[in-house]
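Containing CSV, C-alpha atoms and all ligand atoms: data_21.csv.
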chain,number,residue,atom,x,y,z
A,19,MET,CA,138.7,89.3,83.1
A,20,THR,CA,136.6,86.3,82.2
A,21,ALA,CA,132.8,86.1,82.6
A,22,LEU,CA,130.3,83.3,82.0
A,23,ALA,CA,127.1,84.8,80.6
A,24,GLY,CA,123.7,83.8,79.5
A,25,GLY,CA,121.2,86.2,77.8
A,26,ILE,CA,119.5,89.4,78.8
A,27,GLY,CA,120.6,89.8,82.4
A,28,GLY,CA,124.2,88.7,81.7
A,29,ALA,CA,124.4,90.9,78.6
A,30,ARG,CA,123.2,93.9,80.6
A,31,PHE,CA,125.8,93.3,83.2
A,32,LEU,CA,128.5,93.0,80.6
A,33,ARG,CA,127.6,96.5,79.3
A,34,GLY,CA,128.7,97.7,82.8
A,35,VAL,CA,131.9,95.6,82.5
A,36,GLN,CA,132.6,97.2,79.0
A,37,ALA,CA,132.1,100.7,80.4
A,38,ALA,CA,134.0,100.1,83.7
A,39,LEU,CA,136.9,98.3,82.1
A,40,ALA,CA,137.2,99.9,78.7
A,41,ASP,CA,140.9,99.0,78.3
A,42,ALA,CA,140.8,95.6,80.0
A,43,ASP,CA,141.0,92.3,78.2
A,44,VAL,CA,137.6,90.7,78.7
A,45,THR,CA,136.6,87.2,77.5
A,46,VAL,CA,132.9,86.2,77.7
A,47,VAL,CA,132.1,82.5,77.7
A,48,GLY,CA,128.6,82.5,76.2
A,49,ASN,CA,125.8,80.0,76.9
A,50,THR,CA,124.7,77.9,73.9
A,51,GLY,CA,122.2,75.7,75.7
A,52,ASP,CA,119.4,78.0,74.5
A,53,ASP,CA,120.4,77.2,70.9
A,54,ILE,CA,117.6,76.0,68.7
A,55,ILE,CA,117.2,75.0,65.0
A,56,LEU,CA,114.1,76.5,63.4
A,57,HIS,CA,113.3,76.5,59.7
A,58,ARG,CA,116.7,74.6,59.4
A,59,LEU,CA,118.4,77.7,60.8
A,60,ASN,CA,121.0,77.6,63.6
A,61,ILE,CA,119.9,80.2,66.2
A,62,SER,CA,122.1,81.0,69.2
A,63,PRO,CA,119.9,83.4,71.3
A,64,ASP,CA,122.3,84.0,74.2
A,65,LEU,CA,125.4,84.6,71.9
A,66,ASP,CA,123.4,87.0,69.8
A,67,THR,CA,122.0,88.8,72.8
A,68,VAL,CA,125.5,89.4,74.2
A,69,MET,CA,126.8,90.4,70.7
A,70,TYR,CA,123.9,92.8,69.9
A,71,THR,CA,123.9,94.3,73.5
A,72,LEU,CA,127.6,95.1,73.5
A,73,GLY,CA,127.7,95.9,69.8
A,74,GLY,CA,124.9,98.4,69.9
A,75,GLY,CA,122.3,96.5,67.9
A,76,ILE,CA,120.1,95.2,70.7
A,77,SER,CA,116.4,96.1,71.0
A,78,ALA,CA,116.4,98.3,74.2
A,79,GLU,CA,112.7,97.6,74.7
A,80,ARG,CA,112.9,93.8,74.5
A,81,GLY,CA,116.4,93.1,75.7
A,82,TRP,CA,116.8,90.5,72.9
A,83,GLY,CA,116.8,90.7,69.1
A,84,ARG,CA,117.5,93.8,67.0
A,85,GLU,CA,116.5,97.4,67.4
A,86,ASP,CA,114.1,98.7,64.6
A,87,GLU,CA,113.1,95.1,64.0
A,88,THR,CA,110.2,93.8,61.9
A,89,PHE,CA,108.6,90.4,61.9
A,90,THR,CA,107.4,90.2,58.3
A,91,VAL,CA,108.9,86.8,57.5
A,92,ARG,CA,107.3,85.3,60.7
A,93,ALA,CA,104.0,86.7,59.7
A,94,GLU,CA,104.3,85.3,56.2
A,95,LEU,CA,105.2,81.9,57.6
A,96,ALA,CA,102.1,82.1,59.8
A,97,GLU,CA,100.0,82.8,56.7
A,98,TYR,CA,101.1,79.4,55.4
A,99,GLY,CA,100.3,77.9,58.8
A,100,VAL,CA,104.0,77.4,59.5
A,101,GLY,CA,105.1,78.1,63.1
A,102,PRO,CA,106.3,78.3,65.6
A,103,ALA,CA,104.3,81.4,66.4
A,104,TRP,CA,105.9,81.6,69.9
A,105,PHE,CA,109.4,82.4,68.7
A,106,GLY,CA,110.1,86.0,67.7
A,107,LEU,CA,111.9,85.5,64.5
A,108,GLY,CA,112.9,89.0,63.4
A,109,ASP,CA,113.7,90.0,59.8
A,110,ARG,CA,117.0,91.7,60.7
A,111,ASP,CA,117.9,88.9,63.1
A,112,LEU,CA,117.3,86.4,60.3
A,113,ALA,CA,120.4,87.5,58.5
A,114,THR,CA,122.5,86.5,61.5
A,115,HIS,CA,120.9,83.1,61.6
A,116,LEU,CA,121.5,82.7,57.8
A,117,VAL,CA,125.2,83.6,58.1
A,118,ARG,CA,125.6,81.3,61.0
A,119,THR,CA,123.8,78.4,59.3
A,120,GLN,CA,125.7,78.7,56.1
A,121,MET,CA,129.1,79.0,57.8
A,122,LEU,CA,128.4,75.9,60.0
A,123,ALA,CA,127.2,74.1,56.9
A,124,ALA,CA,130.5,75.0,55.2
A,125,GLY,CA,132.4,73.4,58.1
A,126,PHE,CA,133.3,76.4,60.2
A,127,SER,CA,133.0,75.9,64.0
A,128,LEU,CA,130.6,77.9,66.1
A,129,SER,CA,133.6,79.7,67.5
A,130,ASP,CA,134.7,80.7,64.0
A,131,VAL,CA,131.1,81.8,63.2
A,132,THR,CA,130.9,83.9,66.4
A,133,ALA,CA,134.2,85.6,65.7
A,134,ALA,CA,133.0,86.4,62.1
A,135,LEU,CA,129.7,87.9,63.3
A,136,CYS,CA,131.6,89.9,65.9
A,137,GLN,CA,133.8,91.4,63.2
A,138,ARG,CA,130.7,93.3,62.3
A,139,TRP,CA,129.4,94.1,65.7
A,140,ARG,CA,132.7,94.8,67.5
A,141,PRO,CA,131.4,94.1,71.0
A,142,GLY,CA,134.7,95.2,72.5
A,143,ILE,CA,135.1,91.8,74.4
A,144,ARG,CA,136.1,88.4,73.1
A,145,LEU,CA,132.9,86.3,72.9
A,146,ILE,CA,133.4,82.6,72.7
A,147,PRO,CA,130.8,79.9,72.9
A,148,MET,CA,130.9,77.4,75.9
A,149,SER,CA,131.4,74.6,73.3
A,150,ASP,CA,131.6,74.1,69.5
A,151,ASP,CA,129.6,70.9,70.1
A,152,ARG,CA,125.8,70.9,70.1
A,153,VAL,CA,124.3,71.3,73.5
A,154,GLU,CA,120.6,72.0,73.9
A,155,THR,CA,118.6,72.6,77.1
A,156,HIS,CA,115.5,70.5,77.1
A,157,VAL,CA,112.8,70.5,79.8
A,158,VAL,CA,110.8,67.4,81.0
A,159,ILE,CA,107.1,68.3,81.5
A,160,SER,CA,103.9,66.4,82.0
A,161,ASP,CA,100.6,67.6,80.5
A,162,GLU,CA,97.6,66.2,78.7
A,163,ALA,CA,99.9,64.9,76.0
A,164,GLY,CA,101.8,62.9,78.6
A,165,ARG,CA,105.3,63.2,80.0
A,166,ARG,CA,107.9,64.4,77.5
A,167,ALA,CA,110.9,66.6,76.9
A,168,ILE,CA,110.4,69.8,75.0
A,169,HIS,CA,113.0,72.4,73.9
A,170,PHE,CA,113.8,75.0,76.6
A,171,GLN,CA,112.7,77.8,74.2
A,172,GLU,CA,109.2,76.2,73.9
A,173,TRP,CA,108.9,75.9,77.6
A,174,TRP,CA,110.2,79.4,78.1
A,175,LEU,CA,108.3,81.2,75.4
A,176,ARG,CA,105.2,79.2,74.6
A,177,LEU,CA,104.5,77.9,78.1
A,178,ARG,CA,106.0,80.9,79.8
A,179,ALA,CA,107.6,78.3,82.2
A,180,GLU,CA,104.1,78.0,83.8
A,181,VAL,CA,104.1,74.2,83.4
A,182,PRO,CA,106.4,72.8,86.1
A,183,ALA,CA,109.8,71.5,84.8
A,184,GLU,CA,110.3,68.0,86.2
A,185,ALA,CA,113.9,68.1,85.0
A,186,ILE,CA,116.1,70.5,83.0
A,187,VAL,CA,118.6,68.6,80.9
A,188,SER,CA,121.6,69.8,78.9
A,189,VAL,CA,121.3,67.4,76.0
A,190,GLY,CA,124.7,66.6,74.5
A,191,ALA,CA,126.7,68.2,77.3
A,192,ALA,CA,128.3,64.9,78.4
A,193,ASP,CA,129.9,64.5,75.0
A,194,ALA,CA,130.7,68.2,74.5
A,195,LYS,CA,134.2,69.8,74.9
A,196,PRO,CA,134.9,73.3,76.0
A,197,ALA,CA,135.4,75.6,72.9
A,198,PRO,CA,139.0,76.6,72.1
A,199,GLY,CA,140.1,79.3,74.6
A,200,VAL,CA,137.5,78.6,77.3
A,201,LEU,CA,139.7,76.7,79.7
A,202,ASP,CA,142.7,79.1,79.1
A,203,ALA,CA,140.4,82.1,79.7
A,204,LEU,CA,139.5,80.7,83.1
A,205,ALA,CA,143.0,79.6,84.0
A,206,GLU,CA,144.7,82.8,83.0
A,207,ALA,CA,142.1,85.4,84.2
A,208,ASP,CA,143.0,87.9,86.9
A,209,VAL,CA,139.3,87.7,88.0
A,210,VAL,CA,136.3,85.6,87.0
A,211,LEU,CA,132.8,86.9,87.3
A,212,LEU,CA,129.5,85.1,87.3
A,213,PRO,CA,127.0,87.8,86.1
A,214,PRO,CA,123.4,87.7,87.3
A,215,SER,CA,122.4,85.3,84.6
A,216,ASN,CA,120.0,82.4,85.2
A,217,PRO,CA,121.8,80.0,87.6
A,218,VAL,CA,120.3,76.9,86.0
A,219,VAL,CA,119.8,77.4,82.2
A,220,SER,CA,122.6,79.9,81.7
A,221,ILE,CA,125.4,79.5,84.2
A,222,GLY,CA,124.4,75.9,84.9
A,223,SER,CA,124.3,75.1,81.2
A,224,ILE,CA,127.9,76.4,80.8
A,225,LEU,CA,129.0,74.4,83.8
A,226,SER,CA,127.5,71.3,82.3
A,227,VAL,CA,130.2,71.1,79.7
A,228,PRO,CA,132.9,68.8,81.2
A,229,GLY,CA,136.0,70.6,82.2
A,230,ILE,CA,134.5,74.0,82.7
A,231,ARG,CA,133.5,73.6,86.3
A,232,ASP,CA,136.9,72.2,87.3
A,233,ALA,CA,138.7,75.0,85.4
A,234,LEU,CA,136.6,77.6,87.4
A,235,ARG,CA,137.4,75.8,90.7
A,236,GLU,CA,141.1,75.6,90.0
A,237,THR,CA,141.9,79.0,88.6
A,238,ALA,CA,144.2,81.2,90.6
A,239,ALA,CA,141.8,84.1,89.9
A,240,PRO,CA,139.2,85.1,92.5
A,241,VAL,CA,135.7,84.0,91.5
A,242,VAL,CA,132.9,86.4,92.3
A,243,GLY,CA,129.2,85.9,91.5
A,244,VAL,CA,126.4,88.5,91.4
A,245,SER,CA,123.0,87.4,92.7
A,246,PRO,CA,120.2,87.2,90.0
A,247,ILE,CA,117.7,87.1,92.9
A,248,ILE,CA,116.8,90.2,94.9
A,249,GLY,CA,114.6,89.9,97.9
A,250,GLY,CA,113.3,86.5,97.0
A,251,SER,CA,112.4,87.1,93.4
A,252,PRO,CA,114.2,87.1,90.1
A,253,VAL,CA,114.9,90.5,88.7
A,254,ARG,CA,113.8,89.4,85.3
A,255,GLY,CA,112.9,86.3,83.5
A,256,MET,CA,111.6,83.2,85.3
A,257,ALA,CA,114.7,82.0,87.2
A,258,ASP,CA,112.4,81.0,90.0
A,259,ALA,CA,110.7,78.4,87.8
A,260,CYS,CA,114.2,77.0,86.9
A,261,LEU,CA,115.4,77.0,90.5
A,262,ARG,CA,112.2,75.2,91.6
A,263,ALA,CA,113.1,72.5,89.0
A,264,ILE,CA,116.4,71.8,90.8
A,265,GLY,CA,115.0,72.2,94.3
A,266,VAL,CA,116.7,75.4,95.1
A,267,GLU,CA,114.8,78.1,97.0
A,268,THR,CA,114.5,81.5,95.1
A,269,SER,CA,116.7,83.6,97.4
A,270,ALA,CA,120.1,85.2,97.2
A,271,GLU,CA,121.3,83.0,100.0
A,272,ALA,CA,120.0,79.7,98.4
A,273,VAL,CA,121.6,80.5,95.1
A,274,GLY,CA,124.9,81.5,96.7
A,275,ARG,CA,124.9,78.2,98.6
A,276,HIS,CA,123.9,76.3,95.4
A,277,TYR,CA,127.0,77.7,93.7
A,278,GLY,CA,128.9,76.9,96.9
A,279,ALA,CA,132.4,77.8,98.2
A,280,ARG,CA,135.5,77.1,96.3
A,281,ARG,CA,137.7,76.8,99.4
A,282,ALA,CA,136.8,75.4,102.7
A,283,GLY,CA,136.4,78.4,104.9
A,284,GLU,CA,136.9,78.6,108.7
A,285,GLY,CA,133.2,79.0,109.0
A,286,ALA,CA,131.4,76.3,111.0
A,287,PRO,CA,130.3,73.9,109.8
A,288,PRO,CA,133.4,73.7,107.5
A,289,ALA,CA,132.1,74.8,104.1
A,290,ARG,CA,131.7,72.3,101.3
A,291,ALA,CA,134.8,73.0,99.2
A,292,ASP,CA,133.4,71.7,96.0
A,293,GLY,CA,131.7,74.9,95.0
A,294,LEU,CA,132.5,77.8,92.7
A,295,LEU,CA,132.7,81.0,94.7
A,296,ASP,CA,135.1,83.1,96.6
A,297,GLY,CA,132.7,86.0,96.8
A,298,TRP,CA,128.9,86.5,96.5
A,299,LEU,CA,127.5,90.0,95.8
A,300,VAL,CA,123.9,90.4,97.0
A,301,ASP,CA,121.5,93.3,97.0
A,302,THR,CA,121.2,95.5,100.0
A,303,VAL,CA,117.8,94.0,100.9
A,304,ASP,CA,119.6,90.7,101.2
A,305,ALA,CA,122.4,92.1,103.4
A,306,GLY,CA,123.4,89.6,106.1
A,307,VAL,CA,122.8,86.4,104.2
A,308,THR,CA,125.6,83.9,104.7
A,309,VAL,CA,127.3,81.4,102.4
A,310,PRO,CA,129.7,79.2,104.4
A,311,GLY,CA,133.2,79.7,103.0
A,312,VAL,CA,132.2,82.6,100.8
A,313,ARG,CA,132.7,86.3,101.5
A,314,VAL,CA,129.3,88.0,101.0
A,315,THR,CA,128.9,91.8,100.5
A,316,ALA,CA,125.8,93.8,99.6
A,317,HIS,CA,125.2,96.5,97.0
A,318,PRO,CA,122.1,97.7,95.2
A,319,LEU,CA,121.8,95.2,92.3
A,320,LEU,CA,119.1,96.7,90.1
A,321,MET,CA,120.7,97.4,86.7
A,322,SER,CA,118.4,100.4,86.2
A,323,ASP,CA,120.8,102.2,83.9
A,324,LEU,CA,124.5,102.0,82.8
A,325,ASP,CA,125.8,104.0,85.8
A,326,ALA,CA,124.0,101.6,88.2
A,327,THR,CA,125.5,98.6,86.4
A,328,VAL,CA,129.0,100.1,86.4
A,329,ALA,CA,128.7,100.6,90.2
A,330,ILE,CA,127.7,96.9,90.5
A,331,VAL,CA,130.7,95.8,88.5
A,332,ARG,CA,133.0,97.9,90.6
A,333,ALA,CA,131.4,96.4,93.8
A,334,ALA,CA,132.0,92.9,92.4
A,335,LEU,CA,135.7,93.8,91.6
A,336,GLU,CA,136.1,95.2,95.0
A,337,LEU,CA,134.8,92.0,96.5
A,338,ALA,CA,137.2,90.1,94.3
A,339,GLY,CA,140.0,92.3,95.7
A,340,VAL,CA,141.2,93.4,92.3
A,401,LIG,N1,112.5,86.0,74.2
A,401,LIG,C1,111.2,86.2,74.3
A,401,LIG,O1,110.7,86.4,75.4
A,401,LIG,N2,110.3,86.1,73.3
A,401,LIG,C2,110.8,85.8,72.0
A,401,LIG,O2,110.0,85.7,71.1
A,401,LIG,C3,112.2,85.7,71.8
A,401,LIG,C4,112.7,85.4,70.5
A,401,LIG,C5,114.1,85.5,70.4
A,401,LIG,C6,114.7,85.5,69.1
A,401,LIG,C7,116.1,85.5,69.0
A,401,LIG,C8,116.9,85.7,70.1
A,401,LIG,O3,118.3,85.8,70.0
A,401,LIG,C9,116.4,85.7,71.4
A,401,LIG,C10,115.0,85.6,71.5
A,401,LIG,N3,114.4,85.7,72.8
A,401,LIG,C11,113.0,85.8,73.0
A,401,LIG,C12,115.2,85.5,74.0
A,401,LIG,C13,115.5,84.0,74.2
A,401,LIG,O4,114.3,83.3,74.4
A,401,LIG,C14,116.4,83.7,75.3
A,401,LIG,O5,116.9,82.5,75.1
A,401,LIG,C15,115.8,83.8,76.7
A,401,LIG,O6,115.5,85.1,76.9
A,401,LIG,C16,116.6,83.2,77.8
A,401,LIG,O7,117.9,83.8,77.8
Could you render the structure as structure tokens?
Amino acid sequence: MTALAGGIGGARFLRGVQAALADADVTVVGNTGDDIILHRLNISPDLDTVMYTLGGGISAERGWGREDETFTVRAELAEYGVGPAWFGLGDRDLATHLVRTQMLAAGFSLSDVTAALCQRWRPGIRLIPMSDDRVETHVVISDEAGRRAIHFQEWWLRLRAEVPAEAIVSVGAADAKPAPGVLDALAEADVVLLPPSNPVVSIGSILSVPGIRDALRETAAPVVGVSPIIGGSPVRGMADACLRAIGVETSAEAVGRHYGARRAGEGAPPARADGLLDGWLVDTVDAGVTVPGVRVTAHPLLMSDLDATVAIVRAALELAGV
């Protein structure tokens, strides 16, 4: 199986994949658009969130960063008036950023770094970045300081996505190449899943790397997505603020239609066949939504515990017909 994944929601879903398909060969293509350089350290939030969640190091309370974490270094930096205060730089997490930074500086690729970090965490899946080239998600906003682009993390964490995003841009994507193994993982999969990650800054960021979208559309494997929106609101995070930025309504139906159908269905009007999906799994409250050319089924989508998540994974695999 191959899955595209962002951060917290995607990682939680992958826990269900790990439990449901213990002996399957699973490749996760991780989003690196959230990556940020702080204090000259290379930080990859979504890769770390997947690695920690599947490797048993994640903070259960926060969904990101490490369990038993402390923030002493951040506090000391603040004493010097050095920010940013809005980014939760954890002391244990710092070691991950230090290892990544020094390996990149030594000439290793982000894929090599990720494989090395996973040697410790043993997530039980193969985690590869969407690209070894630098891609950063920036957000165009207008406020008293004028119209400008800020890093996604600043918009997400300092502004809590409360200032409208006029545009969300994957800086560097046009020149980025899929990381080694990404295209093969999509072409050779028996099934491809799009977890309930943020459709814009996580799934959308991965799809912004030239070649990945086409590989998804051309794979012989069935492609099934799981809605991140239940009953008109995002389960977690602020996907609604991101969807608003691209003019997509915050609903399971609108996101399904945003992803679109991979094959023209017999549905009238004939479905756009330039989309991604064969199947779209929505919550029971959204049962009955339609996505032309895409088979839609409903199942409770709240990942309230591991059993619930495993049941969602099974429903997605059933929809995929595998
Ligand atoms: N999310 C937060 O809501 N607050 C934080 O302070 C924060 C810090 C952080 C540090 C390392 C890391 O790997 C993830 C972190 N996240 C934090 C999550 C991060 O912002 C993710 O990019 C978003 O949750 C979107 O996936």
Which residues sit within 10 Å of ligand LIG 401 (chain A), counting all atoms listed in the file, listed as a VMD selection string?
-> chain A and resid 23 to 29 49 to 54 61 to 70 76 80 to 84 102 to 108 111 to 112 114 to 115 170 to 176 178 215 to 216 219 to 220 254 to 257
Find the residue from A:Ala194, A:Val307, A:Leu201, A:Val91 that sits nearest to Ala272 of chain A; use all atoms listed in the file when measuring.
->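 Closest to Ala272 of chain A, using all atoms listed in the file: A:Val307.
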d(atom CA of Glu162 of chain A, atom CA of Pro182 of chain A) in Å |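 Between atom CA of Glu162 of chain A and atom CA of Pro182 of chain A the gap works out to 13.3 Å.
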Give me the residues of segment 22-120 of chain A that have any atom at most 8 Å from an atom of segment 319-332 of chain A; for each, the nearest atom pair and the distance in Å, rounded to one decimal. Use only C-alpha atoms, sort by chain and number, and format it as CSV.
residue,atom,partner,partner_atom,distance
A:Arg30,CA,A:Met321,CA,7.5
A:Phe31,CA,A:Thr327,CA,6.2
A:Arg33,CA,A:Leu324,CA,7.2
A:Gly34,CA,A:Val328,CA,4.3
A:Val35,CA,A:Val331,CA,6.1
A:Ala37,CA,A:Val328,CA,6.8
A:Ala38,CA,A:Val328,CA,5.7
Suppose you want the space between atom CA of Gly199 of chain A and atom CA of Gly339 of chain A; what is it in Å?
-> 24.8 Å
Residues within 12 Å of Leu234 of chain A, all atoms listed in the file, excluding chain neighbours under 2 positions, as a PyMOL selection string = chain A and resi 20-22+47+200-207+209-212+221+224-225+227-232+236-243+277+279-280+292-296
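Take atom CA of Ala291 of chain A and atom CA of Gly278 of chain A: the distance between them is 7.4 Å.
Using all atoms listed in the file, the contacts of segment 135-145 of chain A at a cut-off of 9 Å, with sequence neighbours closer than 6 positions omitted, comprise Gln36, Ala40, Ala42, Asp43, Val44, Thr45, Val46, Val47, Gly48, Leu65, Val68, Met69, Tyr70, Thr71, Leu72, Gly73, Gly74, Gly75, Thr114, Val117, Arg118 and Ser129 of chain A.
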Nearest to Arg313 of chain A: which of A:Pro147, A:Arg281, A:Val340, A:Ser226 is it, counting all atoms listed in the file?
-> A:Arg281
